[in-house]
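**Student:** The structure file target.txt (compact mmCIF, N, CA and C atoms) is provided below.
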# COMPACT_ATOMS: atom_id res chain seq x y z
N MET A 1 30.26 -35.05 -35.47
CA MET A 1 31.33 -34.30 -34.83
C MET A 1 32.39 -35.30 -34.35
N GLU A 2 33.61 -34.97 -34.64
CA GLU A 2 34.74 -35.82 -34.27
C GLU A 2 35.08 -35.64 -32.79
N ASN A 3 35.70 -36.68 -32.21
CA ASN A 3 36.09 -36.65 -30.81
C ASN A 3 37.04 -35.49 -30.50
N HIS A 4 37.99 -35.22 -31.39
CA HIS A 4 38.95 -34.13 -31.17
C HIS A 4 38.24 -32.77 -31.21
N GLU A 5 37.15 -32.66 -32.01
CA GLU A 5 36.37 -31.41 -32.05
C GLU A 5 35.63 -31.19 -30.73
N VAL A 6 35.08 -32.25 -30.20
CA VAL A 6 34.38 -32.18 -28.91
C VAL A 6 35.36 -31.79 -27.82
N GLU A 7 36.51 -32.42 -27.81
CA GLU A 7 37.55 -32.11 -26.82
C GLU A 7 37.98 -30.65 -26.93
N SER A 8 38.13 -30.17 -28.15
CA SER A 8 38.50 -28.78 -28.38
C SER A 8 37.44 -27.83 -27.84
N ILE A 9 36.19 -28.15 -28.06
CA ILE A 9 35.09 -27.32 -27.55
C ILE A 9 35.12 -27.29 -26.02
N LEU A 10 35.28 -28.46 -25.43
CA LEU A 10 35.31 -28.53 -23.97
C LEU A 10 36.47 -27.74 -23.37
N GLN A 11 37.62 -27.78 -24.02
CA GLN A 11 38.81 -27.08 -23.52
C GLN A 11 38.74 -25.58 -23.75
N ALA A 12 38.07 -25.14 -24.82
CA ALA A 12 38.09 -23.72 -25.20
C ALA A 12 36.87 -22.93 -24.73
N CYS A 13 35.86 -23.58 -24.25
CA CYS A 13 34.61 -22.89 -23.91
C CYS A 13 34.81 -21.93 -22.73
N ALA A 14 34.74 -20.63 -23.02
CA ALA A 14 34.91 -19.61 -21.98
C ALA A 14 33.85 -19.76 -20.90
N CYS A 15 32.62 -20.00 -21.31
CA CYS A 15 31.52 -20.10 -20.34
C CYS A 15 31.73 -21.26 -19.38
N ALA A 16 32.03 -22.43 -19.91
CA ALA A 16 32.23 -23.61 -19.06
C ALA A 16 33.40 -23.41 -18.11
N SER A 17 34.49 -22.87 -18.63
CA SER A 17 35.67 -22.65 -17.79
C SER A 17 35.37 -21.65 -16.67
N LEU A 18 34.75 -20.54 -17.02
CA LEU A 18 34.45 -19.52 -16.01
C LEU A 18 33.42 -20.04 -14.99
N ARG A 19 32.44 -20.81 -15.45
CA ARG A 19 31.44 -21.36 -14.52
C ARG A 19 32.10 -22.33 -13.53
N THR A 20 33.00 -23.14 -14.02
CA THR A 20 33.68 -24.10 -13.15
C THR A 20 34.49 -23.37 -12.09
N VAL A 21 35.29 -22.40 -12.51
CA VAL A 21 36.09 -21.63 -11.56
C VAL A 21 35.19 -20.85 -10.62
N SER A 22 34.14 -20.25 -11.15
CA SER A 22 33.22 -19.45 -10.34
C SER A 22 32.56 -20.30 -9.25
N ARG A 23 32.09 -21.47 -9.62
CA ARG A 23 31.46 -22.36 -8.62
C ARG A 23 32.47 -22.76 -7.54
N SER A 24 33.66 -23.13 -7.96
CA SER A 24 34.68 -23.54 -6.99
C SER A 24 35.07 -22.39 -6.07
N LEU A 25 35.23 -21.21 -6.65
CA LEU A 25 35.60 -20.03 -5.87
C LEU A 25 34.49 -19.62 -4.92
N THR A 26 33.26 -19.70 -5.39
CA THR A 26 32.11 -19.40 -4.53
C THR A 26 32.06 -20.36 -3.35
N GLN A 27 32.28 -21.65 -3.62
CA GLN A 27 32.29 -22.63 -2.54
C GLN A 27 33.39 -22.34 -1.53
N LEU A 28 34.57 -21.96 -2.02
CA LEU A 28 35.67 -21.63 -1.12
C LEU A 28 35.32 -20.43 -0.24
N TYR A 29 34.88 -19.35 -0.86
CA TYR A 29 34.51 -18.15 -0.09
C TYR A 29 33.41 -18.47 0.92
N ASN A 30 32.38 -19.21 0.49
CA ASN A 30 31.29 -19.55 1.40
C ASN A 30 31.79 -20.37 2.58
N GLN A 31 32.69 -21.29 2.31
CA GLN A 31 33.27 -22.13 3.37
C GLN A 31 34.07 -21.26 4.34
N ILE A 32 34.92 -20.40 3.81
CA ILE A 32 35.77 -19.56 4.64
C ILE A 32 34.93 -18.56 5.46
N LEU A 33 33.88 -18.03 4.84
CA LEU A 33 33.03 -17.04 5.52
C LEU A 33 31.99 -17.67 6.46
N GLN A 34 31.88 -18.98 6.45
CA GLN A 34 30.87 -19.68 7.24
C GLN A 34 30.81 -19.24 8.70
N PRO A 35 31.93 -19.03 9.39
CA PRO A 35 31.84 -18.60 10.80
C PRO A 35 31.11 -17.27 10.99
N THR A 36 31.06 -16.45 9.93
CA THR A 36 30.37 -15.15 10.03
C THR A 36 28.88 -15.28 9.76
N GLY A 37 28.46 -16.42 9.20
CA GLY A 37 27.07 -16.60 8.83
C GLY A 37 26.72 -15.97 7.48
N LEU A 38 27.73 -15.44 6.79
CA LEU A 38 27.50 -14.80 5.50
C LEU A 38 27.92 -15.71 4.36
N LYS A 39 27.23 -15.60 3.25
CA LYS A 39 27.68 -16.18 2.00
C LYS A 39 28.39 -15.07 1.24
N ILE A 40 29.19 -15.43 0.25
CA ILE A 40 29.98 -14.44 -0.47
C ILE A 40 29.08 -13.39 -1.13
N THR A 41 27.93 -13.79 -1.66
CA THR A 41 27.03 -12.82 -2.28
C THR A 41 26.54 -11.81 -1.25
N GLN A 42 26.25 -12.26 -0.04
CA GLN A 42 25.79 -11.36 1.01
C GLN A 42 26.92 -10.44 1.47
N TYR A 43 28.13 -10.98 1.57
CA TYR A 43 29.28 -10.15 1.92
C TYR A 43 29.49 -9.07 0.87
N TYR A 44 29.49 -9.48 -0.38
CA TYR A 44 29.66 -8.55 -1.50
C TYR A 44 28.57 -7.48 -1.46
N MET A 45 27.36 -7.88 -1.11
CA MET A 45 26.26 -6.93 -1.02
C MET A 45 26.49 -5.94 0.12
N LEU A 46 26.94 -6.41 1.26
CA LEU A 46 27.24 -5.51 2.38
C LEU A 46 28.32 -4.50 1.99
N VAL A 47 29.36 -4.97 1.31
CA VAL A 47 30.43 -4.07 0.87
C VAL A 47 29.88 -3.04 -0.12
N THR A 48 29.05 -3.49 -1.04
CA THR A 48 28.47 -2.59 -2.04
C THR A 48 27.58 -1.55 -1.38
N ILE A 49 26.75 -1.97 -0.44
CA ILE A 49 25.86 -1.02 0.26
C ILE A 49 26.70 -0.05 1.09
N TYR A 50 27.75 -0.54 1.70
CA TYR A 50 28.65 0.33 2.47
C TYR A 50 29.26 1.39 1.56
N GLN A 51 29.70 0.97 0.38
CA GLN A 51 30.34 1.88 -0.57
C GLN A 51 29.36 2.90 -1.15
N TYR A 52 28.18 2.43 -1.54
CA TYR A 52 27.25 3.28 -2.28
C TYR A 52 26.12 3.85 -1.42
N LYS A 53 26.17 3.61 -0.14
CA LYS A 53 25.19 4.13 0.83
C LYS A 53 23.78 3.74 0.43
N LYS A 54 22.83 4.63 0.56
CA LYS A 54 21.42 4.32 0.31
C LYS A 54 21.17 4.18 -1.19
N ARG A 55 20.96 2.95 -1.60
CA ARG A 55 20.65 2.66 -3.00
C ARG A 55 19.40 1.80 -3.08
N SER A 56 18.70 1.94 -4.17
CA SER A 56 17.50 1.13 -4.38
C SER A 56 17.89 -0.29 -4.77
N ILE A 57 16.93 -1.18 -4.68
CA ILE A 57 17.14 -2.57 -5.10
C ILE A 57 17.57 -2.58 -6.57
N SER A 58 16.93 -1.76 -7.38
CA SER A 58 17.25 -1.68 -8.81
C SER A 58 18.67 -1.18 -9.02
N GLU A 59 19.08 -0.16 -8.29
CA GLU A 59 20.44 0.34 -8.41
C GLU A 59 21.46 -0.70 -7.96
N LEU A 60 21.16 -1.40 -6.86
CA LEU A 60 22.06 -2.47 -6.42
C LEU A 60 22.18 -3.54 -7.48
N SER A 61 21.08 -3.86 -8.11
CA SER A 61 21.07 -4.84 -9.18
C SER A 61 22.00 -4.42 -10.31
N ASP A 62 21.92 -3.15 -10.69
CA ASP A 62 22.80 -2.64 -11.76
C ASP A 62 24.26 -2.64 -11.33
N ILE A 63 24.53 -2.16 -10.13
CA ILE A 63 25.90 -2.06 -9.64
C ILE A 63 26.54 -3.45 -9.52
N MET A 64 25.77 -4.39 -8.96
CA MET A 64 26.32 -5.72 -8.71
C MET A 64 26.17 -6.66 -9.90
N MET A 65 25.45 -6.22 -10.92
CA MET A 65 25.19 -7.02 -12.10
C MET A 65 24.53 -8.36 -11.74
N LEU A 66 23.53 -8.26 -10.86
CA LEU A 66 22.73 -9.41 -10.47
C LEU A 66 21.27 -9.07 -10.75
N ASP A 67 20.47 -10.09 -10.99
CA ASP A 67 19.06 -9.82 -11.24
C ASP A 67 18.38 -9.38 -9.94
N GLN A 68 17.26 -8.66 -10.09
CA GLN A 68 16.58 -8.11 -8.92
C GLN A 68 16.06 -9.19 -7.98
N THR A 69 15.73 -10.36 -8.51
CA THR A 69 15.26 -11.46 -7.66
C THR A 69 16.37 -11.90 -6.71
N THR A 70 17.59 -12.02 -7.23
CA THR A 70 18.73 -12.40 -6.39
C THR A 70 19.01 -11.32 -5.35
N ILE A 71 18.98 -10.07 -5.79
CA ILE A 71 19.20 -8.95 -4.86
C ILE A 71 18.14 -8.98 -3.76
N THR A 72 16.88 -9.09 -4.14
CA THR A 72 15.78 -9.09 -3.17
C THR A 72 15.91 -10.24 -2.19
N ARG A 73 16.22 -11.43 -2.70
CA ARG A 73 16.37 -12.61 -1.83
C ARG A 73 17.47 -12.38 -0.79
N ASN A 74 18.60 -11.86 -1.23
CA ASN A 74 19.71 -11.61 -0.32
C ASN A 74 19.44 -10.45 0.62
N VAL A 75 18.80 -9.41 0.13
CA VAL A 75 18.43 -8.29 1.01
C VAL A 75 17.50 -8.78 2.11
N ASN A 76 16.57 -9.65 1.76
CA ASN A 76 15.65 -10.18 2.78
C ASN A 76 16.38 -10.96 3.87
N VAL A 77 17.40 -11.72 3.48
CA VAL A 77 18.22 -12.43 4.48
C VAL A 77 18.96 -11.41 5.35
N LEU A 78 19.50 -10.38 4.73
CA LEU A 78 20.24 -9.35 5.48
C LEU A 78 19.31 -8.56 6.40
N ILE A 79 18.07 -8.33 5.97
CA ILE A 79 17.08 -7.67 6.84
C ILE A 79 16.78 -8.55 8.04
N LYS A 80 16.53 -9.83 7.77
CA LYS A 80 16.22 -10.79 8.84
C LYS A 80 17.31 -10.81 9.90
N ASN A 81 18.56 -10.67 9.47
CA ASN A 81 19.69 -10.68 10.39
C ASN A 81 20.04 -9.29 10.92
N GLU A 82 19.21 -8.32 10.56
CA GLU A 82 19.35 -6.93 11.01
C GLU A 82 20.66 -6.28 10.54
N PHE A 83 21.17 -6.73 9.38
CA PHE A 83 22.39 -6.15 8.82
C PHE A 83 22.08 -4.94 7.95
N VAL A 84 20.88 -4.90 7.39
CA VAL A 84 20.47 -3.77 6.56
C VAL A 84 19.08 -3.31 6.97
N HIS A 85 18.80 -2.10 6.57
CA HIS A 85 17.50 -1.48 6.81
C HIS A 85 16.98 -1.01 5.45
N VAL A 86 15.69 -1.22 5.21
CA VAL A 86 15.08 -0.79 3.96
C VAL A 86 14.00 0.23 4.29
N GLU A 87 14.06 1.34 3.55
CA GLU A 87 13.04 2.38 3.74
C GLU A 87 12.68 2.98 2.40
N ARG A 88 11.55 3.61 2.34
CA ARG A 88 11.11 4.26 1.11
C ARG A 88 12.09 5.38 0.74
N ASP A 89 12.35 5.50 -0.55
CA ASP A 89 13.21 6.58 -1.05
C ASP A 89 12.50 7.91 -0.84
N GLU A 90 13.19 8.87 -0.26
CA GLU A 90 12.59 10.17 0.02
C GLU A 90 12.23 10.93 -1.25
N HIS A 91 12.88 10.60 -2.37
CA HIS A 91 12.63 11.28 -3.64
C HIS A 91 11.64 10.53 -4.53
N ASP A 92 11.48 9.24 -4.29
CA ASP A 92 10.58 8.41 -5.11
C ASP A 92 9.96 7.35 -4.22
N SER A 93 8.73 7.56 -3.82
CA SER A 93 8.07 6.66 -2.86
C SER A 93 7.86 5.26 -3.41
N ARG A 94 8.04 5.07 -4.72
CA ARG A 94 7.89 3.73 -5.31
C ARG A 94 9.14 2.89 -5.08
N SER A 95 10.26 3.53 -4.78
CA SER A 95 11.53 2.82 -4.59
C SER A 95 11.85 2.64 -3.12
N LYS A 96 12.53 1.55 -2.84
CA LYS A 96 13.02 1.28 -1.50
C LYS A 96 14.53 1.40 -1.51
N CYS A 97 15.08 2.08 -0.51
CA CYS A 97 16.53 2.24 -0.38
C CYS A 97 17.05 1.32 0.71
N VAL A 98 18.19 0.73 0.44
CA VAL A 98 18.82 -0.20 1.38
C VAL A 98 20.04 0.49 1.98
N SER A 99 20.17 0.38 3.29
CA SER A 99 21.34 0.93 3.97
C SER A 99 21.78 -0.03 5.06
N LEU A 100 23.06 0.07 5.43
CA LEU A 100 23.59 -0.79 6.49
C LEU A 100 23.14 -0.30 7.85
N THR A 101 22.93 -1.24 8.75
CA THR A 101 22.68 -0.92 10.15
C THR A 101 24.03 -0.99 10.88
N ALA A 102 24.03 -0.59 12.12
CA ALA A 102 25.26 -0.70 12.93
C ALA A 102 25.68 -2.17 13.03
N ILE A 103 24.72 -3.06 13.14
CA ILE A 103 25.01 -4.50 13.20
C ILE A 103 25.63 -4.95 11.88
N GLY A 104 25.13 -4.42 10.76
CA GLY A 104 25.66 -4.75 9.45
C GLY A 104 27.10 -4.29 9.28
N VAL A 105 27.38 -3.09 9.75
CA VAL A 105 28.75 -2.57 9.69
C VAL A 105 29.67 -3.45 10.52
N LYS A 106 29.21 -3.83 11.70
CA LYS A 106 30.00 -4.70 12.57
C LYS A 106 30.27 -6.05 11.89
N LYS A 107 29.25 -6.60 11.24
CA LYS A 107 29.39 -7.88 10.53
C LYS A 107 30.38 -7.74 9.37
N LEU A 108 30.32 -6.62 8.68
CA LEU A 108 31.25 -6.35 7.58
C LEU A 108 32.69 -6.31 8.10
N TYR A 109 32.90 -5.64 9.21
CA TYR A 109 34.24 -5.57 9.81
C TYR A 109 34.71 -6.93 10.32
N GLU A 110 33.77 -7.76 10.75
CA GLU A 110 34.12 -9.12 11.20
C GLU A 110 34.53 -10.00 10.02
N ALA A 111 33.81 -9.86 8.91
CA ALA A 111 34.03 -10.75 7.76
C ALA A 111 35.20 -10.33 6.88
N THR A 112 35.51 -9.05 6.85
CA THR A 112 36.53 -8.56 5.92
C THR A 112 37.92 -9.18 6.12
N PRO A 113 38.42 -9.34 7.34
CA PRO A 113 39.73 -9.99 7.48
C PRO A 113 39.72 -11.43 6.97
N ILE A 114 38.61 -12.11 7.11
CA ILE A 114 38.49 -13.49 6.61
C ILE A 114 38.53 -13.46 5.08
N TRP A 115 37.76 -12.54 4.49
CA TRP A 115 37.74 -12.38 3.05
C TRP A 115 39.15 -12.05 2.53
N MET A 116 39.85 -11.18 3.26
CA MET A 116 41.19 -10.75 2.85
C MET A 116 42.17 -11.91 2.81
N LYS A 117 42.02 -12.87 3.72
CA LYS A 117 42.91 -14.03 3.72
C LYS A 117 42.81 -14.80 2.41
N VAL A 118 41.58 -15.00 1.93
CA VAL A 118 41.39 -15.71 0.66
C VAL A 118 41.99 -14.89 -0.48
N GLN A 119 41.67 -13.60 -0.50
CA GLN A 119 42.18 -12.72 -1.55
C GLN A 119 43.71 -12.74 -1.59
N GLU A 120 44.33 -12.59 -0.42
CA GLU A 120 45.79 -12.56 -0.34
C GLU A 120 46.39 -13.89 -0.79
N LYS A 121 45.76 -14.99 -0.43
CA LYS A 121 46.25 -16.32 -0.83
C LYS A 121 46.20 -16.46 -2.35
N ILE A 122 45.07 -16.10 -2.93
CA ILE A 122 44.92 -16.21 -4.39
C ILE A 122 45.94 -15.31 -5.08
N GLU A 123 46.02 -14.05 -4.64
CA GLU A 123 46.93 -13.11 -5.28
C GLU A 123 48.39 -13.55 -5.13
N SER A 124 48.75 -14.03 -3.95
CA SER A 124 50.15 -14.44 -3.76
C SER A 124 50.48 -15.69 -4.58
N GLU A 125 49.54 -16.61 -4.71
CA GLU A 125 49.78 -17.82 -5.50
C GLU A 125 49.88 -17.51 -6.98
N ILE A 126 49.04 -16.59 -7.46
CA ILE A 126 49.06 -16.22 -8.88
C ILE A 126 50.19 -15.25 -9.16
N GLY A 127 50.45 -14.37 -8.21
CA GLY A 127 51.41 -13.29 -8.40
C GLY A 127 50.63 -12.01 -8.67
N THR A 128 51.09 -10.92 -8.11
CA THR A 128 50.36 -9.66 -8.20
C THR A 128 50.14 -9.22 -9.64
N ASP A 129 51.16 -9.28 -10.47
CA ASP A 129 51.02 -8.85 -11.87
C ASP A 129 50.01 -9.72 -12.62
N ASP A 130 50.13 -11.03 -12.45
CA ASP A 130 49.19 -11.93 -13.13
C ASP A 130 47.77 -11.76 -12.60
N TYR A 131 47.65 -11.51 -11.31
CA TYR A 131 46.32 -11.29 -10.73
C TYR A 131 45.69 -10.02 -11.31
N GLN A 132 46.46 -8.95 -11.39
CA GLN A 132 45.95 -7.71 -11.98
C GLN A 132 45.59 -7.92 -13.45
N HIS A 133 46.41 -8.71 -14.15
CA HIS A 133 46.12 -9.04 -15.55
C HIS A 133 44.81 -9.83 -15.64
N LEU A 134 44.61 -10.78 -14.73
CA LEU A 134 43.37 -11.56 -14.69
C LEU A 134 42.16 -10.64 -14.51
N LEU A 135 42.25 -9.71 -13.57
CA LEU A 135 41.13 -8.79 -13.34
C LEU A 135 40.83 -7.94 -14.58
N ARG A 136 41.89 -7.45 -15.23
CA ARG A 136 41.69 -6.66 -16.45
C ARG A 136 41.05 -7.52 -17.55
N THR A 137 41.50 -8.75 -17.66
CA THR A 137 40.94 -9.66 -18.68
C THR A 137 39.48 -9.95 -18.40
N LEU A 138 39.13 -10.19 -17.14
CA LEU A 138 37.74 -10.43 -16.79
C LEU A 138 36.86 -9.22 -17.10
N LYS A 139 37.39 -8.02 -16.88
CA LYS A 139 36.64 -6.81 -17.23
C LYS A 139 36.44 -6.71 -18.74
N LYS A 140 37.45 -7.09 -19.50
CA LYS A 140 37.31 -7.10 -20.96
C LYS A 140 36.24 -8.09 -21.39
N VAL A 141 36.24 -9.27 -20.78
CA VAL A 141 35.23 -10.27 -21.10
C VAL A 141 33.84 -9.72 -20.76
N GLN A 142 33.72 -9.08 -19.61
CA GLN A 142 32.44 -8.49 -19.22
C GLN A 142 32.00 -7.44 -20.22
N HIS A 143 32.92 -6.63 -20.69
CA HIS A 143 32.62 -5.60 -21.69
C HIS A 143 32.13 -6.26 -22.99
N ILE A 144 32.79 -7.31 -23.42
CA ILE A 144 32.38 -8.03 -24.62
C ILE A 144 30.96 -8.57 -24.45
N ILE A 145 30.69 -9.12 -23.30
CA ILE A 145 29.36 -9.70 -23.05
C ILE A 145 28.28 -8.62 -23.09
N THR A 146 28.54 -7.50 -22.42
CA THR A 146 27.50 -6.46 -22.35
C THR A 146 27.33 -5.71 -23.67
N HIS A 147 28.31 -5.85 -24.58
CA HIS A 147 28.21 -5.16 -25.88
C HIS A 147 28.11 -6.16 -27.05
N TYR A 148 27.72 -7.39 -26.73
CA TYR A 148 27.64 -8.42 -27.76
C TYR A 148 26.41 -8.18 -28.64
N ASP A 149 26.63 -8.23 -29.95
CA ASP A 149 25.50 -8.03 -30.89
C ASP A 149 25.04 -9.35 -31.44
In structure tokens, how does this file's structure come out?
**Tutor:**
Amino acid sequence: MENHEVESILQACACASLRTVSRSLTQLYNQILQPTGLKITQYYMLVTIYQYKKRSISELSDIMMLDQTTITRNVNVLIKNEFVHVERDEHDSRSKCVSLTAIGVKKLYEATPIWMKVQEKIESEIGTDDYQHLLRTLKKVQHIITHYD
């Protein structure tokens, strides 16, 4: 393989580029959210639980597109901090449903303005139109991934 071919692969690799940006963005959000004691995955989980109310670990996994191990690990942290409550599903005793506690709602309201600062900074630096285009493009990439043969 020629040097220019290697360089081309490094520059064009969607996975490497997205992983690099994702790691950097995750570090930024985690740093900014640090005063709340939340990591971005936990914040995102609180928002998701708030939006979708009582959902099972499996449903959260599907909604958030995270594996159940990651969901369970983060739910356990949120339980420990009394941000969420887990109870048996009234319709299926094999499933556990996760819901926010009053403390969890309060934590969500505390963290959201901090999260919004990062969002607003990114959107204003990129520009609203380009940011919306980025989101649409990322959804297209996700669609390609989930329908890849």
**Student:** Mind dumping a table of every stretch 38-57 of chain A residue within 8 Å of stretch 107-130 of chain A, with the nearest atom pair and its distance in Å to one decimal, using all atoms listed in the file, sorted by chain and rising number, as a Markdown table?
**Tutor:**
| residue | atom | partner | partner_atom | distance |
| --- | --- | --- | --- | --- |
| A:Leu38 | N | A:Ala111 | CA | 7.9 |
| A:Tyr43 | CA | A:Leu108 | CA | 7.1 |
| A:Leu46 | C | A:Leu108 | CA | 6.6 |
| A:Val47 | N | A:Leu108 | CA | 6.7 |
**Student:** Those residues with N, CA and C atoms, as an mmCIF file, in the frame of the given file please?
**Tutor:**
data_model
loop_
_atom_site.group_PDB
_atom_site.id
_atom_site.type_symbol
_atom_site.label_atom_id
_atom_site.label_comp_id
_atom_site.auth_asym_id
_atom_site.auth_seq_id
_atom_site.Cartn_x
_atom_site.Cartn_y
_atom_site.Cartn_z
ATOM 1 N N LEU A 38 27.730 -15.440 6.790
ATOM 2 C CA LEU A 38 27.500 -14.800 5.500
ATOM 3 C C LEU A 38 27.920 -15.710 4.360
ATOM 4 N N TYR A 43 28.130 -10.980 1.570
ATOM 5 C CA TYR A 43 29.280 -10.150 1.920
ATOM 6 C C TYR A 43 29.490 -9.070 0.870
ATOM 7 N N LEU A 46 26.940 -6.410 1.260
ATOM 8 C CA LEU A 46 27.240 -5.510 2.380
ATOM 9 C C LEU A 46 28.320 -4.500 1.990
ATOM 10 N N VAL A 47 29.360 -4.970 1.310
ATOM 11 C CA VAL A 47 30.430 -4.070 0.870
ATOM 12 C C VAL A 47 29.880 -3.040 -0.120
#
**Student:** Enumerate the residues of stretch 2-144 of chain A with a DSSP assignment of strand (DSSP E or B), computed from the backbone, and present them as a ChimeraX atom specification.
**Tutor:** /A:55-56,84-88,96-100
**Student:** I'd like the interatomic distance between atom C of A:Thr69 and atom C of A:Ser95, to a tenth of an Å.
**Tutor:**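 Going from atom C of A:Thr69 over to atom C of A:Ser95 covers 15.6 Å.
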**Student:** Calculate how many Å separate atom C of A:Gln132 from atom N of A:Gln34, rounding to one decimal.
**Tutor:** 26.6 Å
**Student:** Leaving out A:Lys96 and any residue of its chain fewer than 3 positions from it, which residues lie within 7 Å of it when counting all atoms listed in the file, given as a PyMOL selection string?
**Tutor:** chain A and resi 55-57+86-89+92-93
**Student:** Near stretch 73-79 of chain A, counting only C-alpha atoms, which residues have an atom at most 8 Å away, once you skip same-chain residues fewer than 6 positions from it, shown as a PyMOL selection string?
**Tutor:** chain A and resi 41-42+85-86
**Student:** Rounded to one decimal in Å, what is the spacing between atom N of A:Ile9 and atom CA of A:Thr26?
**Tutor:** 25.4 Å
**Student:** Quick check for you: according to DSSP on this backbone, which residues of chain A are classed as helix (DSSP H, G or I)? Reply as JSON, numbers by chain.
**Tutor:** {"A": [3, 4, 5, 6, 7, 8, 9, 10, 11, 12, 14, 15, 16, 17, 18, 19, 20, 21, 22, 23, 24, 25, 26, 27, 28, 29, 30, 31, 32, 33, 34, 35, 36, 40, 41, 42, 43, 44, 45, 46, 47, 48, 49, 50, 51, 52, 57, 58, 59, 60, 61, 62, 63, 64, 68, 69, 70, 71, 72, 73, 74, 75, 76, 77, 78, 79, 80, 102, 103, 104, 105, 106, 107, 108, 109, 110, 111, 112, 113, 114, 115, 116, 117, 118, 119, 120, 121, 122, 123, 124, 125, 126, 128, 129, 130, 131, 132, 133, 134, 135, 136, 137, 138, 139, 140, 141, 142, 143, 144, 145, 146]}
**Student:** With only N, CA and C atoms as the basis for distance, which of A:Tyr148, A:Tyr29, A:Phe83, A:Tyr131 is at the shortest distance from A:Gly104?
**Tutor:**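 Smallest distance to A:Gly104 is found for A:Phe83.
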**Student:** Compare A:Gln51, A:Ser58, A:Leu66, A:Ile71 by their minimum atom-to-atom distance to A:Arg94, counting only C-alpha atoms, and give me the closest one.
**Tutor:**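 Of A:Gln51, A:Ser58, A:Leu66, A:Ile71, the one nearest A:Arg94, counting only C-alpha atoms, is A:Ser58.
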